[in-house]
Structure formats: C-alpha cells, structure tokens
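Asks: One structure, as structure tokens, below. Some questions next.
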Amino acid sequence: MTHLACDVLIIGAGGAGMYAAIAAARSGAGQIVLADKSLVGRGGATVMAQMTVAAALGEEGPDAWTLHLEDTLASGRGLCEENLAALLCREAPARVREMEEWRAGWARRADGRIAQVTAPGHSRPRCCYVDFLNTGPAVAATLRRQVAQVAAIRRVSNLNVTDIVTADGKAIGAVALDSASGEAVTIAARAVIIAAGGLTRIFRRNSASANMGGDGYALALTAGADLVDMEFVQFFPIGHLAPRLVGMDPIMWDPFRYKLGGRLLDGSGREFLSDYGSDETSGYTTPRDLATYAITKEVAAGRGSPHGGVYLSFTHVPKSALEAAFGPVIERLAANAIDLGRMPVEVAPIAHYHMGGIAVDERMATRVPGLFAAGEAAGGANGANRLSGNAIPEALVFGERAGHSAAAYAASRTLRWERGAAVTAAAERIRSLGAGRRGDVSPATLLDELRELMWREVGPFRSDAGLARAVARLAEMRACLNEAGIAPGPACNPTVADWFELRASLIAAEAVARAARTREESRGAHQRDDFAETDPAWARPQFVRMNEAGSLTVSGAR
Amino acid sequence: MTPRLARLRIRRGAGDAAPSYEEFAVPFEDGASVLDALIWIRATKDPSLAIRYSCINANVCKECTIAIDGVVGYACTTRLSAESVFTLDPLPGKRVLRDLVSETRPPKERLK
C-alpha cells in the first residue's frame, strides 16, 4: 500500500486549496500534499465562477474594507461571524493585488485602472472580474501556474480522501482512494486542511460541479469538528432553466443583468419584483434571498413560465448594447438557438453556494487540533446570505490564512502515524468495495433520490413536516448504505466513487435538514412556510456535531 | 413532444482488455448533449460506465474530452441527434484506464 508523509495535507485543489498550498510553502512547510478528487485546479467551484470578486481596492473611487464589511454583515442578516467576515474584507485587497501580480488579468478601464462594478448588495463599485465570464477560469489558471512553480508542493489528482485519521483527538493524516488504480493510500500529515468546497450537488437543481457533494463536511464531522450555519444554502435566483443551454454555466445571467438591467417577468410578461418590496428603477439591486423568494412565490401562485420559472428579458436593450456587453457570448448563445434581442429566456432558483460549513476561528483552525478548513468548506463569514462577489475572496483569503496557520502548527509537531483499527478498516473498505458487491440498488440511483428529496423538502421553502420527512428518509438511506450494489473492478470504478459520495452526501444532507428544522424562523436563505417571520431572538448560529455512534445533534437551538 | 432516441456506441472495458462496444438508445430533447446522454445511462441503465467530467455543463473543466466518431471533442458541448449512431472512444494516444476514461492527468499529478 502506498504511504505518503508530509507536513501539510490539503484536501481539495480549488482556489482555497491552491492558495493554502502556496501560503504553507511560504510559511516554511517543506512537504505539502495537494490532493484533489478531480484534477488539480480544474474541479470544484472556483473554475466555475463566472462573476465577480469583491475587494475594497478603491479603483473607482473612495472605498474601505470597513465599508465592504458593513455590506457583508447587512447581507448576512445578522448572522455573520464578525471576526471571519472582517478577515475576509480586510485581506481581500491584498489577495486580489497579489493575483494581479501573478497576471490574473482583471478587466481594466481605458485609463488602466482595474474595473470595479457594483454587484447587488454593495454600497459602491467594488467587484472586479475577468472578461467575458472568465473570472473563475482565470483565477484557477493563475493559481495552477503558481502552484506548479513551488517545489514543496506535491500535486496529486484523482486522490479521493475518504477518512481523516485522528489519534488522541488530533488529526494525524488520512486514508484515500487512488481512483485510477482503486488502491488505498495512507497519508501521515502534521496538519490537515479541508478545502473540499460545498454541498450544492445534494440538490436536484444545482450549479455545482460533479465533486460538490459535501465530502468536506462529512470528513470534518466524522473527525470531531463542528459545522455551523448548515441551514443556510444560497439558492441563486436566476439559474438558467430553458431553452436547453450547453457549454455554459447555468448561473451565467447575473453579470448581464447588472450590466444591462435585464428584466424579470412573470408568465404573462409582467414585472413583479416591486410586489415584493424591491424597486429596480435604478438598476439591478434585488438581493439573492429576496429574488429567490419572489420567483418561488410567483411560480407557486401559478404565474410562472412554461418550464416552472420566470422570464428574464433583454429584448428592450438595443442590439449594439447587447453585443458590447455579451461579446463572444452572443455567438455561444446563438449556437444554443437563443437570440436575446428577440426572446426572453426562462430562469429559476438553483442551489449555488453554501453559507454554512466547518466552524473555524480566525486561524482557520477547527476544534480538532491539527485540522483546518478554508474556502466554501469553512462556515460563518457569510451568515444567512452571502453577498455577491464574496466567494472568491473567501477562497483566496481563507486559503492563505489556513496555509499559514497549518504550516505554523506543523512546525511545532512531530510526525506520527499509527496503523490502528480505524486505518485498517478504512483501507479494507476501499479494497472490498473495489471487489464489487451484489445489491438491488446502485449508489447512483440513491444519489438521485437524495437530490430529489433535498430539493422537494429542504429547498428554497421549508416546513416542519417536510423537514421531518427528509430527516427520516435520510436516516433510512444511511442505514442501508452497505446494501447498495457495486460493480467489480478496482480501477476507475465509478460505482465506488458514487458510494463514497453517497456516504458523505447523506451526512451533509442530514446536517442541513436537522439545522433547518430546529431554526423556527425565516432569515436570509432559510425560508420556512410555517415560521415566515424573522425572529430577533434567533440572531445566533447553530452548530452541528456528530456523536460517537455517528448521530448528528444540533446545538444553539432554543 | 415525444422524446426522440439517440444511439450511442460506447467503447467498454478496462485498459488491458480487448476493446468491445456496447450500444445504448437514449431519449433526448432538443439541445441535449452527449454528456447528458452518458449521465442518463449511468443513472438509469449502467452505473458502472466510466467517464470523466467535473463541471457538467459549463465547458470549463475540459475533462470530458473524448473521441466522438473519431474526432476529438467535448461530450458536454456535442449535441445529440437521432440521425446517426455516435461512436464514442477514449481520447486517442493515451493509456485507457476504463471505458471512456484515459490517463489524462499530467505526469507530475500522478501517484505512481
């Protein structure tokens, strides 16, 4: 069996993981393993980001990180962990400038300044981007180039970490599945960083990549860490619905809405946002949670578009303005038979981002010594509703902090490794799954059922009865996990990957459903039909923890 | 609208086995991609079908690059049609790991 030893093991190689690796090396870590289930720097959410990066650079006029913080806290509906939000806003400019030194290529004004636009929820122009719809790919490519230049970083693609190993309550390494060979790999590490992204893949309608099934949350809970704010899933209001659009991410419409003021219309062609208290006469200003609420209510009232969403229309925009704003995207839309000058498209809410995550302090340390978290995997900074443009700075800032903190921690520890019962069991599980197993149902089928269940009962609108049904069914599915059928053959076996994803997704889904059930109010992205009002007494976070028997408990509830 | 059927002839088998092809008929609506069909096959017919993809629909990860009727392209942006049979092979010139998955990891990102 392959065994690796390192100072810092980083699980997930998106924006947060890659930045963490660079920072860990800078802070003295000599051996860093940067592992990704997919390919390093190509999977995860960063590469998918099409929109903007918020940082108080002040290129367009006076700005300050404290103003960015005010907007972040207001957007978070009273629930942001203020120290984390402040860290994000304070250090975002330094990270964005560093990315510029590394030639990320932020869009610039004619006079050479970095262009900054006002995304919804910001009090001034603060959001940088890379044209056209290229922010995430440019950030990912920039970090891939930097990571490749650091000798201390060992990149490993298709390495699927299945278990974090602890001894005396401290993280000492991990067991992983090498997907290509199907073999178990053990990794001894002085410090471990979880940067495995979020969980939006557990909802049927999502803008996630294939590897956002909540692995990081399940790993953290199982290792003894707490999760926070798990009930707050951001449903992006105007995810593309119809006509079928390939080769483009479903969340692509947002930048064009704020460049051009695209109008949201109900099935009869009437504007409706003003019915929900949002005045868009001065531009696109409706925050995500309110827009999702309004669209979902319109559809429920029978006023939706044919596919069950609403219309987004740019037909009032002159052709020249459309061409200037969309650039080459106009041709990609034409290839999908979409002509924005002549027709609206249909849009609907779609699971996009997870505000909740692993509870960390300002060093990105969890309550488990030696275990850190960064990026979307970490929770708290965004409270009940993330401000537009805060996801990439969160990845960069928290990644940098986690890398630095983990390297500092690693320097004070000696490497230890014990092939105890837990390691043996984890390796044996990988071996036996690769041999195949008969079963009536495949993990892929169960994953589909999980996504449907979560969308129906734990989606943009929730009630006690639906949440109770979700918790009960998730428990049943978890109990029969070992009966799912697995195809034989260890190398590149997708049913083995499905099984591990299902195991993690069931835990992450249960954490969301349980936290949503105990929060008996509506706030930000968490909307309850049976508790429609925001309750000031609920302006505090809930934490989810796993006990010895594997059951989840929510604390902080009233 | 009655869904039409696309026919896909897919190269199956582990890397060292003699290649064989398996044919699937997949219902689809206008605009659907070859990757949509492969995901449908995994969900409803054969979950053991191995394919590489990450971003699913955005065409940014480029992991779903395969040979479609002998021409290298992206499964996520190639549209289905009912007109002909699509023959799908792993990327040529790379070691095949299983079905449509070939060794596309950069050498420095491999464990061995």
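Labels for the structure tokens follow display order: chains A, B, ..., residues from 1 in each chain, ligands from 1.
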For chain B, report every residue with an atom at most 6 Å from chain A (counting only C-alpha atoms), formatted as a ChimeraX atom specification.
Replies: /B:31,43,48,50,54-55,57-59,61,77,109-110
Asks: Write the residues you've just listed into a file as a CSV table (one decimal), in the first residue's frame, and include C-alpha atoms for each of them.
Replies:
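Output file out15.csv is given in full below:
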chain,number,residue,atom,x,y,z
B,31,GLY,CA,-30.4,20.8,-27.4
B,43,ALA,CA,-28.3,7.0,-13.7
B,48,SER,CA,-20.6,1.2,-14.0
B,50,ALA,CA,-16.7,5.2,-16.5
B,54,SER,CA,-16.3,17.7,-13.5
B,55,CYS,CA,-18.1,20.9,-14.4
B,57,ASN,CA,-22.3,21.9,-18.3
B,58,ALA,CA,-20.0,24.9,-18.2
B,59,ASN,CA,-17.3,23.7,-20.6
B,61,CYS,CA,-13.0,21.8,-16.8
B,77,THR,CA,-21.0,20.6,-26.0
B,109,GLU,CA,0.0,14.8,-10.7
B,110,ARG,CA,0.0,11.0,-10.6
Asks: Where does DSSP see strand (DSSP E) in segment 306-482 of chain A, if you list the residues as a ChimeraX atom specification?
Replies: /A:310-313,345-354,357-358,371-373
Asks: Keeping only N, CA and C atoms, write those residues as a PDB file, in the first residue's frame.
Replies:
ATOM      1  N   VAL A 310     -39.494  31.911 -14.238  1.00  0.00           N
ATOM      2  CA  VAL A 310     -39.999  33.188 -14.743  1.00  0.00           C
ATOM      3  C   VAL A 310     -39.139  33.573 -15.950  1.00  0.00           C
ATOM      4  N   TYR A 311     -39.557  34.648 -16.630  1.00  0.00           N
ATOM      5  CA  TYR A 311     -38.792  35.092 -17.790  1.00  0.00           C
ATOM      6  C   TYR A 311     -37.741  36.126 -17.394  1.00  0.00           C
ATOM      7  N   LEU A 312     -36.587  36.039 -18.054  1.00  0.00           N
ATOM      8  CA  LEU A 312     -35.583  37.093 -17.976  1.00  0.00           C
ATOM      9  C   LEU A 312     -35.470  37.658 -19.385  1.00  0.00           C
ATOM     10  N   SER A 313     -35.712  38.961 -19.518  1.00  0.00           N
ATOM     11  CA  SER A 313     -35.788  39.542 -20.852  1.00  0.00           C
ATOM     12  C   SER A 313     -34.788  40.680 -21.041  1.00  0.00           C
ATOM     13  N   VAL A 345     -35.430  34.397 -21.929  1.00  0.00           N
ATOM     14  CA  VAL A 345     -35.118  33.026 -21.520  1.00  0.00           C
ATOM     15  C   VAL A 345     -35.874  32.760 -20.220  1.00  0.00           C
ATOM     16  N   GLU A 346     -35.954  31.485 -19.855  1.00  0.00           N
ATOM     17  CA  GLU A 346     -36.603  31.137 -18.589  1.00  0.00           C
ATOM     18  C   GLU A 346     -35.535  30.867 -17.532  1.00  0.00           C
ATOM     19  N   VAL A 347     -35.768  31.404 -16.343  1.00  0.00           N
ATOM     20  CA  VAL A 347     -34.827  31.230 -15.233  1.00  0.00           C
ATOM     21  C   VAL A 347     -35.582  30.803 -13.973  1.00  0.00           C
ATOM     22  N   ALA A 348     -34.870  30.171 -13.045  1.00  0.00           N
ATOM     23  CA  ALA A 348     -35.478  29.741 -11.775  1.00  0.00           C
ATOM     24  C   ALA A 348     -34.365  29.549 -10.749  1.00  0.00           C
ATOM     25  N   PRO A 349     -34.730  29.585  -9.466  1.00  0.00           N
ATOM     26  CA  PRO A 349     -33.705  29.408  -8.428  1.00  0.00           C
ATOM     27  C   PRO A 349     -32.975  28.066  -8.553  1.00  0.00           C
ATOM     28  N   ILE A 350     -31.716  28.090  -8.167  1.00  0.00           N
ATOM     29  CA  ILE A 350     -30.853  26.915  -8.318  1.00  0.00           C
ATOM     30  C   ILE A 350     -29.841  26.944  -7.158  1.00  0.00           C
ATOM     31  N   ALA A 351     -29.591  25.782  -6.542  1.00  0.00           N
ATOM     32  CA  ALA A 351     -28.647  25.736  -5.414  1.00  0.00           C
ATOM     33  C   ALA A 351     -27.257  26.132  -5.921  1.00  0.00           C
ATOM     34  N   HIS A 352     -26.650  27.125  -5.275  1.00  0.00           N
ATOM     35  CA  HIS A 352     -25.473  27.751  -5.856  1.00  0.00           C
ATOM     36  C   HIS A 352     -24.269  27.786  -4.919  1.00  0.00           C
ATOM     37  N   TYR A 353     -24.526  27.935  -3.623  1.00  0.00           N
ATOM     38  CA  TYR A 353     -23.409  28.172  -2.701  1.00  0.00           C
ATOM     39  C   TYR A 353     -23.883  27.805  -1.299  1.00  0.00           C
ATOM     40  N   HIS A 354     -22.959  27.363  -0.458  1.00  0.00           N
ATOM     41  CA  HIS A 354     -23.331  27.047   0.918  1.00  0.00           C
ATOM     42  C   HIS A 354     -22.683  28.025   1.888  1.00  0.00           C
ATOM     43  N   GLY A 357     -20.839  25.700   7.026  1.00  0.00           N
ATOM     44  CA  GLY A 357     -19.618  24.925   6.814  1.00  0.00           C
ATOM     45  C   GLY A 357     -18.927  24.599   8.121  1.00  0.00           C
ATOM     46  N   ILE A 358     -17.664  24.253   8.001  1.00  0.00           N
ATOM     47  CA  ILE A 358     -16.880  23.817   9.149  1.00  0.00           C
ATOM     48  C   ILE A 358     -16.589  25.031  10.031  1.00  0.00           C
ATOM     49  N   LEU A 371      -6.465  20.142  12.548  1.00  0.00           N
ATOM     50  CA  LEU A 371      -7.416  20.142  11.432  1.00  0.00           C
ATOM     51  C   LEU A 371      -7.886  21.569  11.157  1.00  0.00           C
ATOM     52  N   PHE A 372      -7.688  22.005   9.926  1.00  0.00           N
ATOM     53  CA  PHE A 372      -8.038  23.357   9.490  1.00  0.00           C
ATOM     54  C   PHE A 372      -9.034  23.262   8.333  1.00  0.00           C
ATOM     55  N   ALA A 373      -9.687  24.384   8.027  1.00  0.00           N
ATOM     56  CA  ALA A 373     -10.616  24.389   6.891  1.00  0.00           C
ATOM     57  C   ALA A 373     -10.532  25.742   6.203  1.00  0.00           C
TER      58      ALA A 373
END
Asks: Leaving out segment 6-14 of chain B and any residue of its chain fewer than 3 positions from it, which residues lie within 7 Å of it when counting only C-alpha atoms, given as a PDB file with C-alpha atoms, in the first residue's frame?
Replies:
ATOM      1  CA  ALA B  17      -8.850  -5.832 -22.006  1.00  0.00           C
ATOM      2  CA  PRO B  19     -11.970  -3.251 -26.564  1.00  0.00           C
ATOM      3  CA  SER B  20     -15.612  -4.005 -27.188  1.00  0.00           C
ATOM      4  CA  TYR B  21     -18.529  -1.719 -27.956  1.00  0.00           C
ATOM      5  CA  GLU B  22     -21.917  -1.528 -26.320  1.00  0.00           C
ATOM      6  CA  GLU B  23     -24.865   0.288 -27.835  1.00  0.00           C
ATOM      7  CA  PHE B  24     -27.416   2.335 -25.885  1.00  0.00           C
ATOM      8  CA  ALA B  25     -30.597   4.101 -27.056  1.00  0.00           C
ATOM      9  CA  VAL B  26     -31.109   7.317 -25.114  1.00  0.00           C
ATOM     10  CA  PRO B  27     -34.238   9.506 -25.141  1.00  0.00           C
ATOM     11  CA  PHE B  28     -33.408  13.199 -25.526  1.00  0.00           C
ATOM     12  CA  LEU B  80     -27.261  14.621 -29.717  1.00  0.00           C
ATOM     13  CA  SER B  81     -29.254  13.831 -32.825  1.00  0.00           C
ATOM     14  CA  ALA B  82     -31.443  10.954 -33.929  1.00  0.00           C
ATOM     15  CA  VAL B  85     -25.123   6.410 -34.395  1.00  0.00           C
ATOM     16  CA  PHE B  86     -22.485   8.184 -32.283  1.00  0.00           C
ATOM     17  CA  THR B  87     -19.358   6.103 -31.729  1.00  0.00           C
ATOM     18  CA  LEU B  88     -17.559   7.140 -28.539  1.00  0.00           C
ATOM     19  CA  ASP B  89     -13.953   6.247 -27.732  1.00  0.00           C
ATOM     20  CA  LEU B  97      -7.986   3.159 -17.782  1.00  0.00           C
ATOM     21  CA  ARG B  98     -11.604   2.055 -18.143  1.00  0.00           C
ATOM     22  CA  ASP B  99     -14.387   2.611 -20.699  1.00  0.00           C
ATOM     23  CA  LEU B 100     -14.104   6.270 -21.820  1.00  0.00           C
TER      24      LEU B 100
END
Asks: Which of these, A:Val441, A:Val117, A:Ala509, A:Ala539, has the shortest distance to Pro47 of chain B once you count only C-alpha atoms?
Replies: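 Smallest distance to Pro47 of chain B is found for A:Val441.
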